[in-house]
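> So I've got this file, entry_3.cif, and it contains mmCIF, C-alpha atoms:
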```cif
data_target
#
loop_
_atom_site.label_atom_id
_atom_site.label_comp_id
_atom_site.auth_asym_id
_atom_site.auth_seq_id
_atom_site.Cartn_x
_atom_site.Cartn_y
_atom_site.Cartn_z
CA MET S 1 58.12 143.95 53.38
CA ASN S 2 55.76 141.38 54.77
CA ILE S 3 55.84 137.68 54.29
CA ASN S 4 52.26 136.71 53.63
CA LEU S 5 49.96 134.57 51.53
CA THR S 6 51.63 135.85 48.37
CA LEU S 7 54.42 133.41 49.16
CA ILE S 8 52.10 130.43 48.84
CA GLY S 9 50.38 131.92 45.83
CA GLN S 10 53.74 132.31 44.16
CA ALA S 11 54.77 128.79 45.01
CA ILE S 12 51.53 127.41 43.57
CA SER S 13 51.75 129.42 40.37
CA PHE S 14 55.39 128.45 40.04
CA ALA S 15 54.47 124.79 40.38
CA VAL S 16 51.72 125.14 37.79
CA PHE S 17 54.03 126.91 35.37
CA VAL S 18 56.71 124.27 35.78
CA TRP S 19 54.13 121.54 35.28
CA PHE S 20 52.79 123.18 32.14
CA CYS S 21 56.27 123.74 30.79
CA MET S 22 57.23 120.15 31.51
CA LYS S 23 54.09 118.80 29.91
CA TYR S 24 53.45 121.00 26.90
CA VAL S 25 56.51 123.11 26.10
CA TRP S 26 59.64 121.13 26.76
CA PRO S 27 58.90 117.75 25.10
CA PRO S 28 57.92 118.94 21.58
CA VAL S 29 60.78 121.42 21.37
CA ILE S 30 63.42 119.05 22.65
CA ALA S 31 62.04 116.28 20.42
CA ALA S 32 62.32 118.55 17.42
CA LEU S 33 65.86 119.51 18.39
CA ASP S 34 66.87 115.89 18.81
CA GLU S 35 65.26 114.95 15.55
CA ARG S 36 66.97 117.76 13.72
CA SER S 37 70.36 116.89 15.13
CA LYS S 38 69.73 113.28 14.12
CA LYS S 39 68.74 114.44 10.65
CA ILE S 40 71.92 116.45 10.38
CA ALA S 41 74.01 113.53 11.59
CA ASP S 42 72.29 111.25 9.09
CA GLY S 43 72.86 113.74 6.32
CA LEU S 44 76.53 114.03 7.13
CA GLU S 45 76.88 110.29 7.28
CA ALA S 46 75.08 109.90 3.97
CA ALA S 47 77.38 112.46 2.40
CA ASN S 48 80.40 110.60 3.75
CA ARG S 49 79.06 107.34 2.47
CA ALA S 50 78.30 108.83 -0.92
CA SER S 51 81.80 110.21 -1.30
CA ARG S 52 83.23 106.86 -0.24
CA ASP S 53 80.96 105.12 -2.75
CA LEU S 54 82.07 107.52 -5.44
CA GLU S 55 85.69 106.79 -4.66
CA LEU S 56 85.06 103.06 -4.81
CA ALA S 57 83.15 103.40 -8.06
CA GLN S 58 85.94 105.41 -9.60
CA GLU S 59 88.48 102.86 -8.51
CA LYS S 60 86.35 100.09 -9.92
CA ALA S 61 85.87 101.95 -13.17
CA THR S 62 89.61 102.43 -13.66
CA GLN S 63 90.20 98.80 -12.83
CA THR S 64 87.55 97.66 -15.30
CA LEU S 65 89.02 99.94 -17.92
CA ARG S 66 92.47 98.51 -17.35
CA GLU S 67 91.19 94.96 -17.48
CA SER S 68 89.29 95.55 -20.68
CA LYS S 69 92.32 97.15 -22.23
CA GLU S 70 94.37 94.11 -21.33
CA GLN S 71 91.69 91.83 -22.66
CA ALA S 72 91.48 93.77 -25.89
CA ALA S 73 95.24 93.55 -26.34
CA GLU S 74 95.13 89.84 -25.68
CA ILE S 75 92.31 89.34 -28.15
CA ILE S 76 94.15 91.29 -30.81
CA GLU S 77 97.25 89.29 -30.22
CA GLN S 78 95.33 86.04 -30.44
CA ALA S 79 93.62 87.18 -33.59
CA ASN S 80 96.93 88.04 -35.16
CA LYS S 81 98.32 84.68 -34.22
CA ARG S 82 95.28 82.97 -35.60
CA ALA S 83 95.44 84.92 -38.81
CA ASN S 84 99.06 83.93 -39.33
CA GLN S 85 98.13 80.38 -38.60
CA ILE S 86 95.27 80.49 -41.09
CA VAL S 87 97.50 81.97 -43.74
CA ASP S 88 100.11 79.28 -43.14
CA GLU S 89 97.48 76.56 -43.27
CA ALA S 90 96.05 77.99 -46.45
CA LYS S 91 99.50 78.05 -47.99
CA GLU S 92 100.13 74.46 -47.08
CA GLN S 93 96.73 73.46 -48.36
CA ALA S 94 97.29 75.31 -51.59
CA ILE S 95 100.64 73.63 -52.06
CA ALA S 96 99.16 70.21 -51.33
CA GLU S 97 96.22 70.87 -53.64
CA GLY S 98 98.55 71.96 -56.41
CA GLN S 99 100.59 68.89 -55.94
CA ARG S 100 97.50 66.74 -56.03
CA LEU S 101 96.20 68.40 -59.18
CA ARG S 102 99.55 68.01 -60.84
CA ASP S 103 99.70 64.35 -59.87
CA ALA S 104 96.22 63.76 -61.19
CA ALA S 105 97.01 65.54 -64.43
CA GLN S 106 100.19 63.54 -64.75
CA ALA S 107 98.32 60.28 -64.20
CA GLU S 108 95.69 61.26 -66.73
CA ILE S 109 98.36 62.16 -69.22
CA GLU S 110 100.06 58.86 -68.70
CA GLN S 111 96.77 57.08 -69.03
CA ASP S 112 96.07 58.95 -72.26
CA VAL S 113 99.49 58.04 -73.54
CA MET S 114 98.89 54.41 -72.71
CA ARG S 115 95.50 54.51 -74.30
CA ALA S 116 96.97 56.13 -77.45
CA LYS S 117 99.75 53.59 -77.52
CA GLU S 118 97.20 50.83 -77.21
CA ALA S 119 95.12 52.23 -80.04
CA LEU S 120 98.16 52.85 -82.09
CA ARG S 121 99.35 49.31 -81.51
CA ALA S 122 96.03 47.90 -82.59
CA GLN S 123 96.03 50.08 -85.67
CA VAL S 124 99.64 49.14 -86.44
CA SER S 125 98.85 45.48 -86.14
CA ALA S 126 95.87 45.86 -88.45
CA LEU S 127 98.01 47.89 -90.82
CA ALA S 128 100.77 45.29 -90.69
CA LEU S 129 98.31 42.57 -91.43
CA THR S 130 96.88 44.45 -94.34
CA GLY S 131 100.41 45.19 -95.51
CA ALA S 132 101.39 41.59 -95.17
CA GLU S 133 98.23 40.42 -96.94
CA LYS S 134 99.02 42.71 -99.77
CA ILE S 135 102.63 41.51 -99.92
CA LEU S 136 101.78 37.87 -99.77
CA GLY S 137 98.83 38.19 -101.98
CA ALA S 138 96.95 35.84 -100.07
CA SER S 139 94.87 36.15 -97.14
CA VAL S 140 96.50 35.23 -94.12
CA ASP S 141 94.65 33.06 -91.90
CA GLU S 142 93.93 35.34 -89.15
CA LYS S 143 93.53 32.63 -86.70
CA ALA S 144 96.73 30.94 -87.57
CA HIS S 145 98.78 34.00 -87.62
CA SER S 146 97.24 36.03 -84.92
CA GLU S 147 99.92 34.87 -82.62
CA ILE S 148 102.60 36.21 -84.83
CA VAL S 149 100.70 39.43 -85.35
CA GLU S 150 100.22 39.90 -81.71
CA GLN S 151 103.85 39.38 -81.10
CA LEU S 152 104.55 41.89 -83.76
CA ALA S 153 102.20 44.34 -82.29
CA LYS S 154 103.81 43.96 -78.92
CA GLU S 155 107.17 44.62 -80.36
CA LEU S 156 105.96 47.87 -81.88
CA MET T 1 51.90 159.59 42.98
CA ALA T 2 48.90 159.35 45.15
CA SER T 3 49.07 162.70 46.92
CA GLU T 4 49.93 166.15 45.72
CA ASN T 5 52.44 167.30 48.32
CA LEU T 6 55.04 164.60 47.93
CA THR T 7 58.21 164.36 49.95
CA ALA T 8 61.09 162.24 48.80
CA SER T 9 60.78 159.67 51.57
CA SER T 10 57.04 159.28 51.20
CA TYR T 11 57.50 158.93 47.46
CA ILE T 12 60.00 156.13 48.04
CA GLN T 13 57.85 154.47 50.64
CA HIS T 14 54.88 154.68 48.36
CA HIS T 15 56.82 153.03 45.60
CA LEU T 16 57.93 150.22 47.83
CA GLN T 17 54.42 149.47 49.04
CA ASN T 18 52.63 146.50 47.53
CA LEU T 19 48.96 146.48 46.72
CA THR T 20 48.03 144.35 49.73
CA PHE T 21 44.62 142.81 50.07
CA GLY T 22 43.62 141.28 53.37
CA GLN T 23 41.63 141.58 56.58
CA HIS T 24 42.07 144.71 58.62
CA PRO T 25 42.45 144.29 62.37
CA ASP T 26 38.93 145.62 62.79
CA GLY T 27 37.59 142.68 60.78
CA SER T 28 36.80 144.38 57.46
CA TRP T 29 38.41 143.21 54.22
CA GLY T 30 40.15 145.55 51.84
CA ILE T 31 43.30 147.15 50.50
CA ALA T 32 45.93 148.19 53.01
CA HIS T 33 46.79 151.88 52.97
CA GLY T 34 50.36 152.25 54.13
CA ALA T 35 52.97 149.90 55.47
CA GLU T 36 51.54 149.75 59.01
CA GLU T 37 48.13 148.61 57.83
CA ALA T 38 49.69 146.02 55.56
CA ALA T 39 51.83 144.73 58.41
CA ALA T 40 48.80 144.59 60.66
CA MET T 41 47.08 142.22 58.24
CA GLY T 42 49.61 139.55 59.18
CA PHE T 43 50.18 136.45 57.08
CA TRP T 44 46.71 136.13 55.59
CA ALA T 45 47.03 138.92 53.11
CA ILE T 46 48.02 138.86 49.51
CA HIS T 47 49.96 141.20 47.23
CA LEU T 48 47.65 141.61 44.28
CA ASP T 49 50.20 143.44 42.13
CA THR T 50 52.89 140.82 42.62
CA MET T 51 50.44 138.03 41.85
CA LEU T 52 49.04 139.85 38.81
CA PHE T 53 52.41 140.51 37.22
CA SER T 54 54.04 137.22 38.05
CA ILE T 55 51.11 135.15 36.83
CA GLY T 56 50.64 137.42 33.84
CA LEU T 57 54.29 137.12 32.86
CA GLY T 58 54.26 133.37 33.52
CA ILE T 59 51.29 132.99 31.22
CA LEU T 60 52.99 135.20 28.63
CA PHE T 61 56.05 132.97 28.77
CA LEU T 62 54.08 129.75 28.49
CA TRP T 63 51.83 131.16 25.78
CA LEU T 64 54.78 132.24 23.65
CA PHE T 65 56.66 129.01 24.13
CA ARG T 66 53.60 126.83 23.70
CA LYS T 67 52.76 128.60 20.46
CA ALA T 68 56.26 127.97 19.18
CA ALA T 69 56.22 124.39 20.46
CA LEU T 70 53.01 123.65 18.57
CA LYS T 71 54.47 124.88 15.32
CA VAL T 72 57.87 123.36 15.88
CA SER T 73 59.26 121.48 12.92
CA THR T 74 62.54 119.87 12.04
CA ASP T 75 62.94 122.03 8.97
CA THR T 76 64.81 125.30 9.01
CA PRO T 77 63.42 127.18 12.01
CA SER T 78 62.50 130.83 11.79
CA GLY T 79 61.45 133.70 14.01
CA MET T 80 59.93 132.71 17.31
CA GLN T 81 60.82 129.05 16.90
CA ASN T 82 64.43 130.03 16.50
CA PHE T 83 64.37 131.98 19.74
CA VAL T 84 62.52 129.27 21.66
CA GLU T 85 64.86 126.59 20.37
CA MET T 86 67.84 128.69 21.32
CA MET T 87 66.52 129.10 24.86
CA VAL T 88 65.65 125.43 25.19
CA GLU T 89 69.01 124.37 23.85
CA PHE T 90 70.84 126.79 26.12
CA VAL T 91 68.99 125.51 29.19
CA ASP T 92 69.39 121.93 28.07
CA THR T 93 73.16 122.31 27.72
CA SER T 94 73.40 124.02 31.09
CA VAL T 95 71.46 121.20 32.71
CA LYS T 96 73.42 118.48 30.96
CA GLU T 97 76.74 120.02 31.92
CA THR T 98 75.83 120.06 35.59
CA PHE T 99 73.33 117.31 36.12
CA HIS T 100 74.23 113.82 34.97
CA GLY T 101 71.33 111.74 36.25
CA LYS T 102 68.02 111.11 34.60
CA ASN T 103 65.30 113.51 35.62
CA LYS T 104 62.51 114.83 33.46
CA VAL T 105 61.66 117.68 35.82
CA ILE T 106 64.92 119.57 36.12
CA ALA T 107 65.30 120.85 32.57
CA PRO T 108 61.77 122.25 32.18
CA LEU T 109 62.06 123.58 35.72
CA ALA T 110 65.26 125.38 34.81
CA LEU T 111 63.71 126.78 31.65
CA THR T 112 60.68 128.03 33.56
CA ILE T 113 62.88 129.65 36.20
CA PHE T 114 65.14 131.30 33.68
CA VAL T 115 62.50 132.77 31.42
CA TRP T 116 60.01 133.61 34.14
CA VAL T 117 62.54 135.29 36.40
CA PHE T 118 63.98 137.10 33.41
CA LEU T 119 60.57 138.45 32.42
CA MET T 120 59.78 139.49 35.99
CA ASN T 121 63.16 141.21 36.23
CA LEU T 122 62.55 142.85 32.88
CA MET T 123 59.66 144.79 34.39
CA ASP T 124 62.35 146.71 36.23
CA LEU T 125 63.28 148.45 32.99
CA VAL T 126 59.80 149.92 32.61
CA PRO T 127 60.11 153.49 33.93
CA VAL T 128 59.30 153.42 37.64
CA ASP T 129 56.37 155.82 37.52
CA PHE T 130 54.85 154.63 34.30
CA LEU T 131 52.61 151.76 35.33
CA PRO T 132 51.92 152.98 38.91
CA HIS T 133 50.76 156.31 37.48
CA ILE T 134 48.35 154.60 35.09
CA ALA T 135 47.17 152.45 37.97
CA SER T 136 46.59 155.44 40.22
CA MET T 137 44.55 157.10 37.50
CA LEU T 138 42.44 153.95 37.48
CA GLY T 139 42.01 154.23 41.25
CA VAL T 140 44.60 151.72 42.39
CA PRO T 141 46.64 153.35 45.17
CA TYR T 142 49.72 151.11 45.18
CA PHE T 143 51.30 149.28 42.31
CA ARG T 144 54.66 147.53 42.28
CA VAL T 145 55.36 146.17 38.86
CA VAL T 146 58.47 144.09 39.53
CA PRO T 147 57.42 140.83 41.22
CA THR T 148 61.01 139.86 41.99
CA THR T 149 61.40 142.90 44.26
CA ASP T 150 58.78 141.26 46.47
CA LEU T 151 60.46 138.83 48.83
CA ASN T 152 57.35 136.67 48.73
CA ALA T 153 57.86 135.96 45.05
CA THR T 154 61.51 134.98 45.27
CA LEU T 155 61.00 133.05 48.49
CA GLY T 156 58.00 131.29 46.99
CA MET T 157 60.16 130.00 44.17
CA SER T 158 63.15 129.14 46.30
CA LEU T 159 60.99 127.27 48.82
CA SER T 160 59.51 125.24 45.95
CA VAL T 161 63.06 124.45 44.89
CA PHE T 162 63.86 123.58 48.52
CA ILE T 163 60.94 121.14 48.62
CA LEU T 164 62.28 119.55 45.44
CA ILE T 165 65.76 119.30 46.98
CA VAL T 166 64.39 117.49 50.01
CA TYR T 167 62.08 115.34 47.88
CA TYR T 168 64.84 114.17 45.56
CA SER T 169 67.32 113.71 48.40
CA ILE T 170 64.88 111.34 50.07
CA LYS T 171 63.86 109.70 46.80
CA VAL T 172 67.43 108.99 45.73
CA LYS T 173 69.09 108.21 49.06
CA GLY T 174 66.12 107.10 51.10
CA ILE T 175 65.09 108.66 54.40
CA SER T 176 67.96 107.03 56.26
CA GLY T 177 70.44 108.20 53.63
CA PHE T 178 69.14 111.75 53.81
CA VAL T 179 69.13 111.81 57.60
CA GLY T 180 72.58 110.24 57.60
CA GLU T 181 73.82 112.91 55.27
CA LEU T 182 72.50 115.54 57.66
CA THR T 183 73.86 114.02 60.85
CA LEU T 184 76.82 111.72 60.20
CA GLN T 185 79.16 114.13 58.51
CA PRO T 186 81.55 115.79 58.59
CA PHE T 187 82.58 114.55 62.08
CA GLY T 188 81.23 111.01 62.46
CA LYS T 189 78.58 109.60 64.73
CA TRP T 190 79.88 110.97 68.05
CA MET T 191 79.21 114.51 66.97
CA ILE T 192 75.63 114.10 65.70
CA PRO T 193 74.16 117.32 67.18
CA PHE T 194 77.03 119.38 65.88
CA ASN T 195 76.89 117.76 62.47
CA PHE T 196 73.16 118.31 62.29
CA LEU T 197 73.60 121.96 63.15
CA LEU T 198 76.21 122.43 60.43
CA GLU T 199 74.39 120.50 57.73
CA GLY T 200 71.01 121.93 58.70
CA VAL T 201 72.29 125.45 58.34
CA GLY T 202 73.85 124.47 55.01
CA LEU T 203 70.55 123.03 53.82
CA ILE T 204 68.42 125.98 54.95
CA ALA T 205 70.94 128.42 53.52
CA LYS T 206 70.27 127.16 50.00
CA PRO T 207 66.71 128.44 49.55
CA VAL T 208 67.30 131.50 51.70
CA SER T 209 70.37 132.59 49.76
CA LEU T 210 68.62 131.82 46.49
CA ALA T 211 65.65 134.01 47.40
CA LEU T 212 67.62 136.81 49.02
CA ARG T 213 70.16 137.09 46.22
CA LEU T 214 67.51 137.65 43.57
CA PHE T 215 65.40 139.84 45.83
CA GLY T 216 68.36 141.92 46.98
CA ASN T 217 69.67 142.60 43.50
CA LEU T 218 66.34 143.58 42.06
CA TYR T 219 65.26 145.52 45.15
CA ALA T 220 68.47 147.53 45.05
CA GLY T 221 68.11 148.11 41.33
CA GLU T 222 64.54 149.26 41.75
CA LEU T 223 65.52 151.52 44.62
CA ILE T 224 68.15 153.21 42.52
CA PHE T 225 65.63 153.79 39.74
CA ILE T 226 63.30 155.33 42.31
CA LEU T 227 66.09 157.53 43.66
CA ILE T 228 66.95 158.65 40.15
CA ALA T 229 63.27 159.45 39.61
CA ILE T 230 63.39 161.92 42.53
CA LEU T 231 66.02 164.01 40.77
CA PRO T 232 65.03 166.97 38.60
CA TRP T 233 63.56 165.63 35.37
CA GLY T 234 66.22 167.29 33.16
CA ILE T 235 69.11 165.18 34.45
CA GLN T 236 67.28 161.91 35.12
CA TRP T 237 68.19 160.44 31.75
CA ALA T 238 71.90 160.94 32.40
CA LEU T 239 71.71 158.51 35.30
CA SER T 240 68.77 156.28 34.45
CA VAL T 241 70.02 155.37 30.98
CA PRO T 242 73.45 154.05 32.12
CA TRP T 243 71.84 152.33 35.07
CA ALA T 244 69.20 150.74 32.85
CA ILE T 245 71.86 149.53 30.44
CA PHE T 246 73.86 148.10 33.31
CA HIS T 247 70.67 146.64 34.70
CA ILE T 248 70.05 144.66 31.51
CA LEU T 249 73.13 142.69 32.47
CA VAL T 250 71.95 142.30 36.04
CA ILE T 251 68.50 140.99 35.20
CA VAL T 252 69.81 138.36 32.81
CA LEU T 253 72.59 137.41 35.17
CA GLN T 254 70.27 137.06 38.16
CA ALA T 255 67.85 134.91 36.18
CA PHE T 256 70.75 132.77 35.04
CA ILE T 257 72.20 132.47 38.55
CA PHE T 258 68.84 131.44 39.98
CA MET T 259 68.51 128.78 37.30
CA MET T 260 72.08 127.54 37.58
CA LEU T 261 71.99 127.29 41.37
CA THR T 262 68.71 125.41 41.20
CA ILE T 263 70.31 122.90 38.86
CA VAL T 264 73.37 122.63 41.06
CA TYR T 265 71.35 122.14 44.24
CA LEU T 266 69.16 119.51 42.60
CA SER T 267 72.13 117.66 41.16
CA MET T 268 73.71 117.71 44.63
CA ALA T 269 70.49 116.23 45.96
CA HIS T 270 70.89 113.38 43.46
CA GLU T 271 74.46 112.60 44.40
CA ASP T 272 75.40 109.96 46.91
CA HIS T 273 78.31 110.79 49.12
#
```
Can you present the structure in this file as structure tokens?

Amino acid sequence: MNINLTLIGQAISFAVFVWFCMKYVWPPVIAALDERSKKIADGLEAANRASRDLELAQEKATQTLRESKEQAAEIIEQANKRANQIVDEAKEQAIAEGQRLRDAAQAEIEQDVMRAKEALRAQVSALALTGAEKILGASVDEKAHSEIVEQLAKEL
Amino acid sequence: MASENLTASSYIQHHLQNLTFGQHPDGSWGIAHGAEEAAAMGFWAIHLDTMLFSIGLGILFLWLFRKAALKVSTDTPSGMQNFVEMMVEFVDTSVKETFHGKNKVIAPLALTIFVWVFLMNLMDLVPVDFLPHIASMLGVPYFRVVPTTDLNATLGMSLSVFILIVYYSIKVKGISGFVGELTLQPFGKWMIPFNFLLEGVGLIAKPVSLALRLFGNLYAGELIFILIAILPWGIQWALSVPWAIFHILVIVLQAFIFMMLTIVYLSMAHEDH
């Protein structure tokens, strides 16, 4: 068991091996390991985030659904109210229109009656004159007696 | 098994002999035959088998991991990438649990130590005579296949770690901080020589214990495999199989301990007291 040059040879080869390992073996492997662990961490985080997002989305969806339901109910209610209102208005309008039509008809009737009376009066006065002419046998001076005839006609 | 008439002790000695290349005392260069010749070569000799297997296994480790690192993707990993990522992640967690500063060297260093030491230890599970026998047929007299049973290999690594400890201690605390740490505690400035003795021993003990622990475990394991191999061939399996199974635990554990202690020592070097 001699200590000899082998010792130095071993030390040199050891140094070379360590250098080679440090330069060409360790860095790529450890870089890959680090990168993979980072990838895994990222993946886990992404999964967490995704599940959180999903939860939020679900919450939002239910909220939106609830809101739209409320809105729909409100709209229906409003529509109902409006419909009732429209029906009421229509009723009122119809009543008013009926009234108006009846009034107009009434007025027309009255006018017609007046007009008929007028015509009748004129005819009566003419008839009276003719009658009177026949009774008196003489023509009545229309100018002189028109006043009387008119008075007569008015009395009719 | 180099010679025909083999005794148990020569068999063991043969198995514990590295393939040493160096200068013989007479001035010629060559392979040492026997422990005495290897010792006579002194410091300027080299264990060819240790170097071959350690560098070969180191290149195998880096080749496998580099291949996986080139194809690495952030999609679902498969096969080799899975294994490499598992190793890297395991080492990375171990480093992060112990070391809290910022240092780009420590984690790859720990990975290299763990996998390399593990692979070198793994050679222990190859049957003890298998590779040496092939080698001897090819004309190589000695062949030790487990680099971590060579004290040079473990000490080479632990001394590199020791240099890093000193380097980072000085880098983080400054020379004065490092010297102060060695001399001014635990007993204050009137006891500087005593403090230095204590702390110096503590400092030197780190690489020495690191190297000896790994070496001792693997050397002992190897020795037991060799001893089992001396037994009659019919009963070898009854001992070598349980020991090999137990040894699987030991080789992983020793690689892990070497890595963990390196991290701990380096994180201690980064801490200010």
> Chain T near chain S within 7 Å: what's each residue's closest atom pair and its distance in Å to one decimal, counting all atoms listed in the file, ordered by chain then ascending residue number, as JSON lines?

```
{"residue": "T:Ala39", "atom": "CA", "partner": "S:Asn2", "partner_atom": "CA", "distance": 6.3}
{"residue": "T:Gly42", "atom": "CA", "partner": "S:Asn4", "partner_atom": "CA", "distance": 6.8}
{"residue": "T:Phe43", "atom": "CA", "partner": "S:Asn4", "partner_atom": "CA", "distance": 4.0}
{"residue": "T:Trp44", "atom": "CA", "partner": "S:Leu5", "partner_atom": "CA", "distance": 5.4}
{"residue": "T:Ala45", "atom": "CA", "partner": "S:Leu5", "partner_atom": "CA", "distance": 5.5}
{"residue": "T:Ile46", "atom": "CA", "partner": "S:Thr6", "partner_atom": "CA", "distance": 4.8}
{"residue": "T:His47", "atom": "CA", "partner": "S:Thr6", "partner_atom": "CA", "distance": 5.7}
{"residue": "T:Met51", "atom": "CA", "partner": "S:Thr6", "partner_atom": "CA", "distance": 7.0}
{"residue": "T:Ile55", "atom": "CA", "partner": "S:Ser13", "partner_atom": "CA", "distance": 6.8}
{"residue": "T:Gly58", "atom": "CA", "partner": "S:Phe17", "partner_atom": "CA", "distance": 6.7}
{"residue": "T:Leu62", "atom": "CA", "partner": "S:Cys21", "partner_atom": "CA", "distance": 6.8}
{"residue": "T:Phe65", "atom": "CA", "partner": "S:Val25", "partner_atom": "CA", "distance": 6.2}
{"residue": "T:Arg66", "atom": "CA", "partner": "S:Val25", "partner_atom": "CA", "distance": 5.3}
{"residue": "T:Ala69", "atom": "CA", "partner": "S:Val29", "partner_atom": "CA", "distance": 5.5}
{"residue": "T:Val72", "atom": "CA", "partner": "S:Val29", "partner_atom": "CA", "distance": 6.5}
{"residue": "T:Ser73", "atom": "CA", "partner": "S:Ala32", "partner_atom": "CA", "distance": 6.2}
{"residue": "T:Thr74", "atom": "CA", "partner": "S:Arg36", "partner_atom": "CA", "distance": 5.2}
{"residue": "T:Glu85", "atom": "CA", "partner": "S:Val29", "partner_atom": "CA", "distance": 6.7}
{"residue": "T:Val105", "atom": "CA", "partner": "S:Met22", "partner_atom": "CA", "distance": 6.7}
{"residue": "T:Pro108", "atom": "CA", "partner": "S:Met22", "partner_atom": "CA", "distance": 5.0}
{"residue": "T:Leu109", "atom": "CA", "partner": "S:Val18", "partner_atom": "CA", "distance": 5.4}
{"residue": "T:Thr112", "atom": "CA", "partner": "S:Val18", "partner_atom": "CA", "distance": 5.9}
{"residue": "T:Asn152", "atom": "CA", "partner": "S:Leu7", "partner_atom": "CA", "distance": 4.4}
{"residue": "T:Ala153", "atom": "CA", "partner": "S:Gln10", "partner_atom": "CA", "distance": 5.6}
{"residue": "T:Leu155", "atom": "CA", "partner": "S:Leu7", "partner_atom": "CA", "distance": 6.6}
{"residue": "T:Gly156", "atom": "CA", "partner": "S:Ala11", "partner_atom": "CA", "distance": 4.5}
{"residue": "T:Met157", "atom": "CA", "partner": "S:Ala11", "partner_atom": "CA", "distance": 5.6}
{"residue": "T:Ser160", "atom": "CA", "partner": "S:Ala11", "partner_atom": "CA", "distance": 6.0}
```
> Residues picked by the PyMOL selection byres ((chain T and resi 268) around 12) here, as an MDAnalysis selection string?
chainID T and resid 98:101 164:166 168:169 172:173 178 181 203 206 261:267 269:273
> What is the atom CA of T:Val126-atom CA of T:Gly216 distance in Å, reported with one decimal?
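Result for atom CA of T:Val126 versus atom CA of T:Gly216: 18.5 Å, one decimal.
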> Work out how far atom CA of T:Ser54 is from atom CA of T:Tyr142, in Å to one decimal.
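Result for atom CA of T:Tyr142 versus atom CA of T:Ser54: 16.2 Å, one decimal.
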> For atom CA of T:Gln254 and atom CA of T:Thr148, quote the distance in Å rounded to one decimal.
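Interatomic distance here is 10.4 Å.
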> Residues picked by the PyMOL selection byres ((chain T and resi 29) around 12) here, as a list in words?
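Checked against the file, the PyMOL selection byres ((chain T and resi 29) around 12) matches Thr20, Phe21, Gly22, Gln23, His24, Pro25, Asp26, Gly27, Ser28, Gly30, Ile31, Ala32, Glu37, Ala38, Met41, Trp44, Ala45 and Ile46 of chain T.
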> Could the residues in this selection be saved with C-alpha atoms as an mmCIF file, keeping the file's coordinate frame?

```
data_model
loop_
_atom_site.group_PDB
_atom_site.id
_atom_site.type_symbol
_atom_site.label_atom_id
_atom_site.label_comp_id
_atom_site.auth_asym_id
_atom_site.auth_seq_id
_atom_site.Cartn_x
_atom_site.Cartn_y
_atom_site.Cartn_z
ATOM 1 C CA THR T 20 48.030 144.350 49.730
ATOM 2 C CA PHE T 21 44.620 142.810 50.070
ATOM 3 C CA GLY T 22 43.620 141.280 53.370
ATOM 4 C CA GLN T 23 41.630 141.580 56.580
ATOM 5 C CA HIS T 24 42.070 144.710 58.620
ATOM 6 C CA PRO T 25 42.450 144.290 62.370
ATOM 7 C CA ASP T 26 38.930 145.620 62.790
ATOM 8 C CA GLY T 27 37.590 142.680 60.780
ATOM 9 C CA SER T 28 36.800 144.380 57.460
ATOM 10 C CA GLY T 30 40.150 145.550 51.840
ATOM 11 C CA ILE T 31 43.300 147.150 50.500
ATOM 12 C CA ALA T 32 45.930 148.190 53.010
ATOM 13 C CA GLU T 37 48.130 148.610 57.830
ATOM 14 C CA ALA T 38 49.690 146.020 55.560
ATOM 15 C CA MET T 41 47.080 142.220 58.240
ATOM 16 C CA TRP T 44 46.710 136.130 55.590
ATOM 17 C CA ALA T 45 47.030 138.920 53.110
ATOM 18 C CA ILE T 46 48.020 138.860 49.510
#
```
> Can you find the residues with an atom no farther than 10 Å from (60.0, 137.6, 33.3), counting only C-alpha atoms, and report them as a PyMOL selection string?
chain T and resi 53-58+60-61+112-124+146-148+251-252+255
> Could you give me the centre and size, in Å to one decimal, of an axis-aligned box around all listed atoms of stretch 242-253 of chain T with 5 Å added on every side, as AutoDock Vina command-line options?

```
--center_x 71.2 --center_y 145.7 --center_z 33.2 --size_x 15.4 --size_y 26.6 --size_z 15.6
```
> Give me, as a short mmCIF file (atom, residue, chain, number, x, y, z; two decimals) with C-alpha atoms, in the coordinates of the input, all polymer residues having an atom no more than 12 Å from stretch 107-121 of chain S, counting only C-alpha atoms and skipping those fewer than 4 positions away in the same chain.

```cif
data_model
loop_
_atom_site.label_atom_id
_atom_site.label_comp_id
_atom_site.auth_asym_id
_atom_site.auth_seq_id
_atom_site.Cartn_x
_atom_site.Cartn_y
_atom_site.Cartn_z
CA ARG S 100 97.50 66.74 -56.03
CA LEU S 101 96.20 68.40 -59.18
CA ARG S 102 99.55 68.01 -60.84
CA ASP S 103 99.70 64.35 -59.87
CA SER S 125 98.85 45.48 -86.14
CA ALA S 126 95.87 45.86 -88.45
CA LEU S 127 98.01 47.89 -90.82
CA ALA S 128 100.77 45.29 -90.69
CA VAL S 149 100.70 39.43 -85.35
CA GLU S 150 100.22 39.90 -81.71
CA GLN S 151 103.85 39.38 -81.10
CA LEU S 152 104.55 41.89 -83.76
CA ALA S 153 102.20 44.34 -82.29
CA LYS S 154 103.81 43.96 -78.92
CA GLU S 155 107.17 44.62 -80.36
CA LEU S 156 105.96 47.87 -81.88
#
```
> Suppose a student applies the PyMOL selection byres ((chain T and resi 179) around 12) to this structure; what residues should they get, written as a list in words?
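The output of the PyMOL selection byres ((chain T and resi 179) around 12) on this file is Val166, Ser169, Ile170, Lys173, Gly174, Ile175, Ser176, Gly177, Phe178, Gly180, Glu181, Leu182, Thr183, Leu184, Gln185, Ile192, Asn195, Phe196, Glu199, Gly200 and Leu203 of chain T.
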